[in-house]
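**Student:** The structure's right below; bear with me while I get my questions together.
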Amino acid sequence: MKAFSLAFLVSAAFQSTFAATAEQWRGRSIYQIITDRFALTNGSNPNACDPSQQTWCGGTWNTIRENLDYVQNAGFTAIWISPVNQNYDGPRSAYGDAYHGYWIADISQLNSRFGTADDLKALSAELHRRNMYLMVDVVVNNVMATSITPDYSKYFFKDASLYHPYCPIQWGNTTSEQHCWLGDTNVPLPDVDTSNPTVTSQYGDWIANLVQEHVQMDFWPTFCAKAGVFCIGEVFGGSDIEPIAMYQGPQALDSVLNFPSFAIPGPQNISALTQVFEDSKTKFTDVGLLGNFLENQDLPRWHNLSVDPQSMYNAMTFTFMSDGIPIVYYGQEQYFSGNADPLNREPLWPSNYAQTDGYKLMTTLNKVGRLQVHLSQLLTDNSSATSSSILTTSPYGVAIMKGPVISIVTNIGSPPQNGTHIAVSSPYSASTAMINLSGYAGRTYTLGGVPNILIPIAMLSGSGMCGQELGVIAGNGGKAVALGSASGRPSPPTSCSP
């Protein structure tokens, strides 16, 4: 399945947009939200949302706006919300209701379940006030139906000739994947013919005014140019880079989600990870714009696959500290553990928006990410010119460097194991005083494979990070004291001066 999203910064006047460029998105971090599941209106029953029921729970654009502090305080500079377009709203289907926003009816109309046009404008205005960006999912390749002979008059494209004829997809057959219908005979998704000039033109006019799934690649340049926005797409795949990389570039999209690197530290093959890391640099047009993620609305939660928080902390660190734009699917920081659709679309409010260790690590990673971009700009005068490189690999982990920051992630997990040290060669002299910025990651287990994020102390001056509980790394040959160790751990510094 290939799905696509559009990203744009919307001004207070929703019809006129400030179109953020790819360079303006570089260095941002994104918090992905299922609109119906992020926050409730006052007076709603907080215990009434059961994801297995596949129905609406009451989240709206207004409730997102009213709870943005939770996102911004974690350091995110953009949110990605569900599609805003009108969805199927008829009798309950075989797979529930359209609470998720992906069952498009008329794409030119807004989804009244989520609010009014004024509500959406208010959300975009509040984001703009906070200097945050808005990413909106746009489903352009299909609509939702309840039979394979739908009434096309209710859709944006009302002529059946603007859709491909019904056929079930034969996976592995590119023509079938591009021309046949997703879904099944219970909930078929009529496939829009995006190669038709009428479709391209009318979609272009619509998206120009407004300012994911198998679409002809040459559809995107015209569509995104009309939108005047940064476009990022989801091309569902595995570790093979070429089928996904072909969708990034001037002939297609600005960016795609980084599926090849999605399966990272855990009980995985480190050599395979490093091979994908290196190959991505030559096969993708721009790895700095890839969307890095661990979870999304279609896949099992990380915590469903591993209950060890250290595995998630290492994976999160890799996602944030390597090349690309980090994307966190809501609830990851709360250790949600749903096993794919619909159980991975839990309501967030039962968590009481707690500042868990995962939330705190996420906050730290966002701070380090911004510092990384700032220092890279100072050192190179061009943040896009600074890409990450591998310093060391071992069967137990990998060390990468981006700008002045060294990040060491491991697949050891908890509890600790003997003989699993990772010796890292760095460009810094042995006398350089270093500091470990990932202090939150060691709090759940006192020992084990915790991530380390190292930077010379002298570079933290004025960063706003000096007062955190951080472990100082003595410059004894580049060896770091393990986080959480009971003995030999230096005290945190009182300033950022070495």
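To be explicit about the labels: the chains of the structure tokens are called A, B, and onward in the order shown, and within each one the residues are counted from 1, while ligands get numbers from 1 in the order they are shown.
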Output as number ranges by chain all residues of range 139-292 of chain A that backbone DSSP marks as strand (DSSP E or B).

**Tutor:** A: 142, 163, 168, 181-183, 188-189, 191-192, 230-235, 248, 253, 255-257, 291-292

**Student:** Which neighbours of range 289-291 of chain A fall inside 8 Å, counting only C-alpha atoms, when residues of the same chain fewer than 3 positions from it are skipped, and could you give them as a list in words?

**Tutor:**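 Those residues are Ala22, Trp25, Arg26, Ile232, Asp254, Ser255, Val256, Leu257, Asn258, Asp286, Asp323, Gly324, Ile325, Pro326 and Ile327 of chain A.
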
**Student:** Output C-alpha atoms for every residue in that selection, as an mmCIF file, in the first residue's frame.

**Tutor:**
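Output contents, as saved in again.cif:
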```cif
data_model
loop_
_atom_site.group_PDB
_atom_site.id
_atom_site.type_symbol
_atom_site.label_atom_id
_atom_site.label_comp_id
_atom_site.auth_asym_id
_atom_site.auth_seq_id
_atom_site.Cartn_x
_atom_site.Cartn_y
_atom_site.Cartn_z
ATOM 1 C CA ALA A 22 11.546 21.886 2.678
ATOM 2 C CA TRP A 25 10.783 21.663 7.704
ATOM 3 C CA ARG A 26 14.335 20.362 8.042
ATOM 4 C CA ILE A 232 5.756 13.993 2.394
ATOM 5 C CA ASP A 254 9.906 16.253 -1.322
ATOM 6 C CA SER A 255 10.022 13.458 1.226
ATOM 7 C CA VAL A 256 8.788 9.996 2.184
ATOM 8 C CA LEU A 257 8.483 8.116 5.454
ATOM 9 C CA ASN A 258 11.650 6.194 6.233
ATOM 10 C CA ASP A 286 17.810 13.833 0.565
ATOM 11 C CA ASP A 323 19.328 12.139 9.539
ATOM 12 C CA GLY A 324 15.695 13.008 8.958
ATOM 13 C CA ILE A 325 12.622 14.567 10.551
ATOM 14 C CA PRO A 326 11.545 12.671 13.708
ATOM 15 C CA ILE A 327 7.859 11.751 13.901
#
```

**Student:** Find the residues near Tyr70 in chain A: any atom within 10 Å, counting only C-alpha atoms, skip ones fewer than 6 places away on the same chain, and give them as a compact mmCIF listing (two decimals) with N, CA, C and O atoms, in the first residue's frame.

**Tutor:**
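result-v9.txt, written as the output of this step:
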```txt
# COMPACT_ATOMS: atom_id res chain seq x y z
N ILE A 64 -7.81 19.58 20.30
CA ILE A 64 -6.36 19.60 20.03
C ILE A 64 -5.80 20.97 20.39
O ILE A 64 -4.78 21.07 21.10
N PHE A 76 8.02 19.55 20.54
CA PHE A 76 7.66 19.38 19.14
C PHE A 76 7.34 20.72 18.49
O PHE A 76 6.77 21.61 19.12
N TYR A 353 -2.16 12.64 30.45
CA TYR A 353 -1.07 13.41 29.85
C TYR A 353 0.14 13.46 30.79
O TYR A 353 0.80 14.49 30.97
N ALA A 354 0.44 12.32 31.38
CA ALA A 354 1.51 12.23 32.37
C ALA A 354 2.87 12.45 31.72
O ALA A 354 3.10 12.08 30.56
N GLN A 355 3.77 13.04 32.47
CA GLN A 355 5.14 13.24 32.01
C GLN A 355 5.95 12.02 32.43
O GLN A 355 6.72 12.03 33.39
N TYR A 359 8.15 10.44 27.99
CA TYR A 359 7.86 11.84 27.66
C TYR A 359 9.09 12.71 27.92
O TYR A 359 9.45 13.59 27.13
```

**Student:** Write out as a Markdown table a residue-level contact list of range 340-453 of chain A versus range 268-282 of chain A with cut-off 8 Å: for each qualifying residue the closest pair of atoms and the distance in Å to one decimal, counting only C-alpha atoms, rows sorted by chain and residue number upward.

**Tutor:**
```
| residue | atom | partner | partner_atom | distance |
| --- | --- | --- | --- | --- |
| A:Ile390 | CA | A:Thr274 | CA | 7.9 |
| A:Thr393 | CA | A:Ile270 | CA | 7.5 |
| A:Ser394 | CA | A:Ile270 | CA | 7.3 |
| A:Pro395 | CA | A:Ile270 | CA | 6.1 |
| A:Tyr396 | CA | A:Ile270 | CA | 7.2 |
| A:Gly397 | CA | A:Ile270 | CA | 6.4 |
| A:Val398 | CA | A:Ile270 | CA | 7.3 |
| A:Asn411 | CA | A:Gln268 | CA | 7.2 |
```

**Student:** Taking the backbone alone, and naming residues the way the document does, which bits of range 53-214 of chain A are helix (DSSP H, G or I) by DSSP, as a ChimeraX atom specification?

**Tutor:** /A:53,61-66,68-72,117-129,152-154,160-162,174-179,197-210

**Student:** Could you write out the selected residues, including C-alpha atoms, as a PDB file, in the first residue's frame?

**Tutor:**
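Okay, part_33.pdb is ready:
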```
ATOM      1  CA  GLN A  53     -15.486  -0.703  18.875  1.00  0.00           C
ATOM      2  CA  TRP A  61      -9.844  20.321  16.249  1.00  0.00           C
ATOM      3  CA  ASN A  62     -10.835  22.473  19.227  1.00  0.00           C
ATOM      4  CA  THR A  63      -9.737  19.877  21.780  1.00  0.00           C
ATOM      5  CA  ILE A  64      -6.364  19.605  20.025  1.00  0.00           C
ATOM      6  CA  ARG A  65      -5.988  23.383  20.189  1.00  0.00           C
ATOM      7  CA  GLU A  66      -6.894  23.446  23.878  1.00  0.00           C
ATOM      8  CA  LEU A  68      -1.298  21.970  22.621  1.00  0.00           C
ATOM      9  CA  ASP A  69       0.798  22.654  25.727  1.00  0.00           C
ATOM     10  CA  TYR A  70       1.310  18.900  26.109  1.00  0.00           C
ATOM     11  CA  VAL A  71       2.842  18.752  22.620  1.00  0.00           C
ATOM     12  CA  GLN A  72       4.798  21.988  22.714  1.00  0.00           C
ATOM     13  CA  ALA A 117     -14.001  25.704   9.190  1.00  0.00           C
ATOM     14  CA  ASP A 118     -13.610  28.328  11.918  1.00  0.00           C
ATOM     15  CA  ASP A 119     -12.431  25.639  14.354  1.00  0.00           C
ATOM     16  CA  LEU A 120      -9.768  24.495  11.902  1.00  0.00           C
ATOM     17  CA  LYS A 121      -8.714  28.095  11.302  1.00  0.00           C
ATOM     18  CA  ALA A 122      -8.453  28.611  15.071  1.00  0.00           C
ATOM     19  CA  LEU A 123      -6.206  25.567  15.397  1.00  0.00           C
ATOM     20  CA  SER A 124      -3.942  26.740  12.600  1.00  0.00           C
ATOM     21  CA  ALA A 125      -3.838  30.250  14.079  1.00  0.00           C
ATOM     22  CA  GLU A 126      -2.832  28.932  17.498  1.00  0.00           C
ATOM     23  CA  LEU A 127      -0.112  26.796  15.955  1.00  0.00           C
ATOM     24  CA  HIS A 128       1.115  29.807  14.013  1.00  0.00           C
ATOM     25  CA  ARG A 129       1.186  31.855  17.232  1.00  0.00           C
ATOM     26  CA  TYR A 152     -20.348   8.312  -7.638  1.00  0.00           C
ATOM     27  CA  SER A 153     -22.586  11.379  -7.431  1.00  0.00           C
ATOM     28  CA  LYS A 154     -21.766  11.837  -3.732  1.00  0.00           C
ATOM     29  CA  ALA A 160     -17.291   6.929 -13.013  1.00  0.00           C
ATOM     30  CA  SER A 161     -14.838   7.395 -15.900  1.00  0.00           C
ATOM     31  CA  LEU A 162     -12.518   9.261 -13.498  1.00  0.00           C
ATOM     32  CA  THR A 174       2.945  -2.785  -9.909  1.00  0.00           C
ATOM     33  CA  THR A 175       0.202  -2.133 -12.473  1.00  0.00           C
ATOM     34  CA  SER A 176      -2.367  -3.846 -10.262  1.00  0.00           C
ATOM     35  CA  GLU A 177      -1.172  -1.926  -7.202  1.00  0.00           C
ATOM     36  CA  GLN A 178      -1.585   1.366  -9.059  1.00  0.00           C
ATOM     37  CA  HIS A 179      -4.895   0.680 -10.835  1.00  0.00           C
ATOM     38  CA  PRO A 197      -5.743  15.212 -16.735  1.00  0.00           C
ATOM     39  CA  THR A 198      -9.177  16.204 -15.404  1.00  0.00           C
ATOM     40  CA  VAL A 199      -8.365  14.624 -12.036  1.00  0.00           C
ATOM     41  CA  THR A 200      -4.942  16.281 -11.886  1.00  0.00           C
ATOM     42  CA  SER A 201      -6.385  19.690 -12.784  1.00  0.00           C
ATOM     43  CA  GLN A 202      -9.344  19.597 -10.401  1.00  0.00           C
ATOM     44  CA  TYR A 203      -7.263  18.252  -7.524  1.00  0.00           C
ATOM     45  CA  GLY A 204      -4.727  20.997  -8.176  1.00  0.00           C
ATOM     46  CA  ASP A 205      -7.404  23.694  -8.055  1.00  0.00           C
ATOM     47  CA  TRP A 206      -8.825  22.212  -4.854  1.00  0.00           C
ATOM     48  CA  ILE A 207      -5.519  21.944  -2.981  1.00  0.00           C
ATOM     49  CA  ALA A 208      -4.506  25.433  -4.083  1.00  0.00           C
ATOM     50  CA  ASN A 209      -7.735  26.654  -2.504  1.00  0.00           C
ATOM     51  CA  LEU A 210      -7.355  24.654   0.675  1.00  0.00           C
TER      52      LEU A 210
END
```

**Student:** Could you name the residues that touch Pro342 in chain A at 10 Å or less, counting only C-alpha atoms, but leaving out those on the same chain fewer than 3 positions away, as number ranges by chain?

**Tutor:** A: 50-55, 95-96, 100, 297-300, 338-339, 345-346

**Student:** Identify, on the basis of only C-alpha atoms, every residue whose closest approach to range 331-335 of chain A does not exceed 8 Å; exclude the query and any residue fewer than 3 positions from it along the same chain; express the result as a PyMOL selection string.

**Tutor:** chain A and resi 295+301-303+328+346+348+351+354+356-359+362

**Student:** Could you check the closest approach to Pro188 in chain A for each of A:Asn131, A:Gln170, A:Ser93, A:Thr410 and tell me which residue wins, using only C-alpha atoms?

**Tutor:** A:Ser93

**Student:** What's the 10 Å shell around Asn45 in chain A, counting only C-alpha atoms, without same-chain residues fewer than 5 positions away, as a ChimeraX atom specification?

**Tutor:** /A:40,57-58

**Student:** CA of Asp191 in chain A and CA of His164 in chain A are how many Å apart?

**Tutor:**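 Taking CA of Asp191 in chain A and CA of His164 in chain A, their separation equals 5.6 Å.
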
**Student:** How far is it from CA of Phe230 in chain A to CA of Gln24 in chain A, in Å with one decimal?

**Tutor:**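 Pair CA of Phe230 in chain A / CA of Gln24 in chain A returns 9.2 Å.
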
**Student:** Report the distance between CA of Val84 in chain A and CA of Val138 in chain A in Å, rounded to one decimal place.

**Tutor:**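 Interatomic distance here is 7.9 Å.
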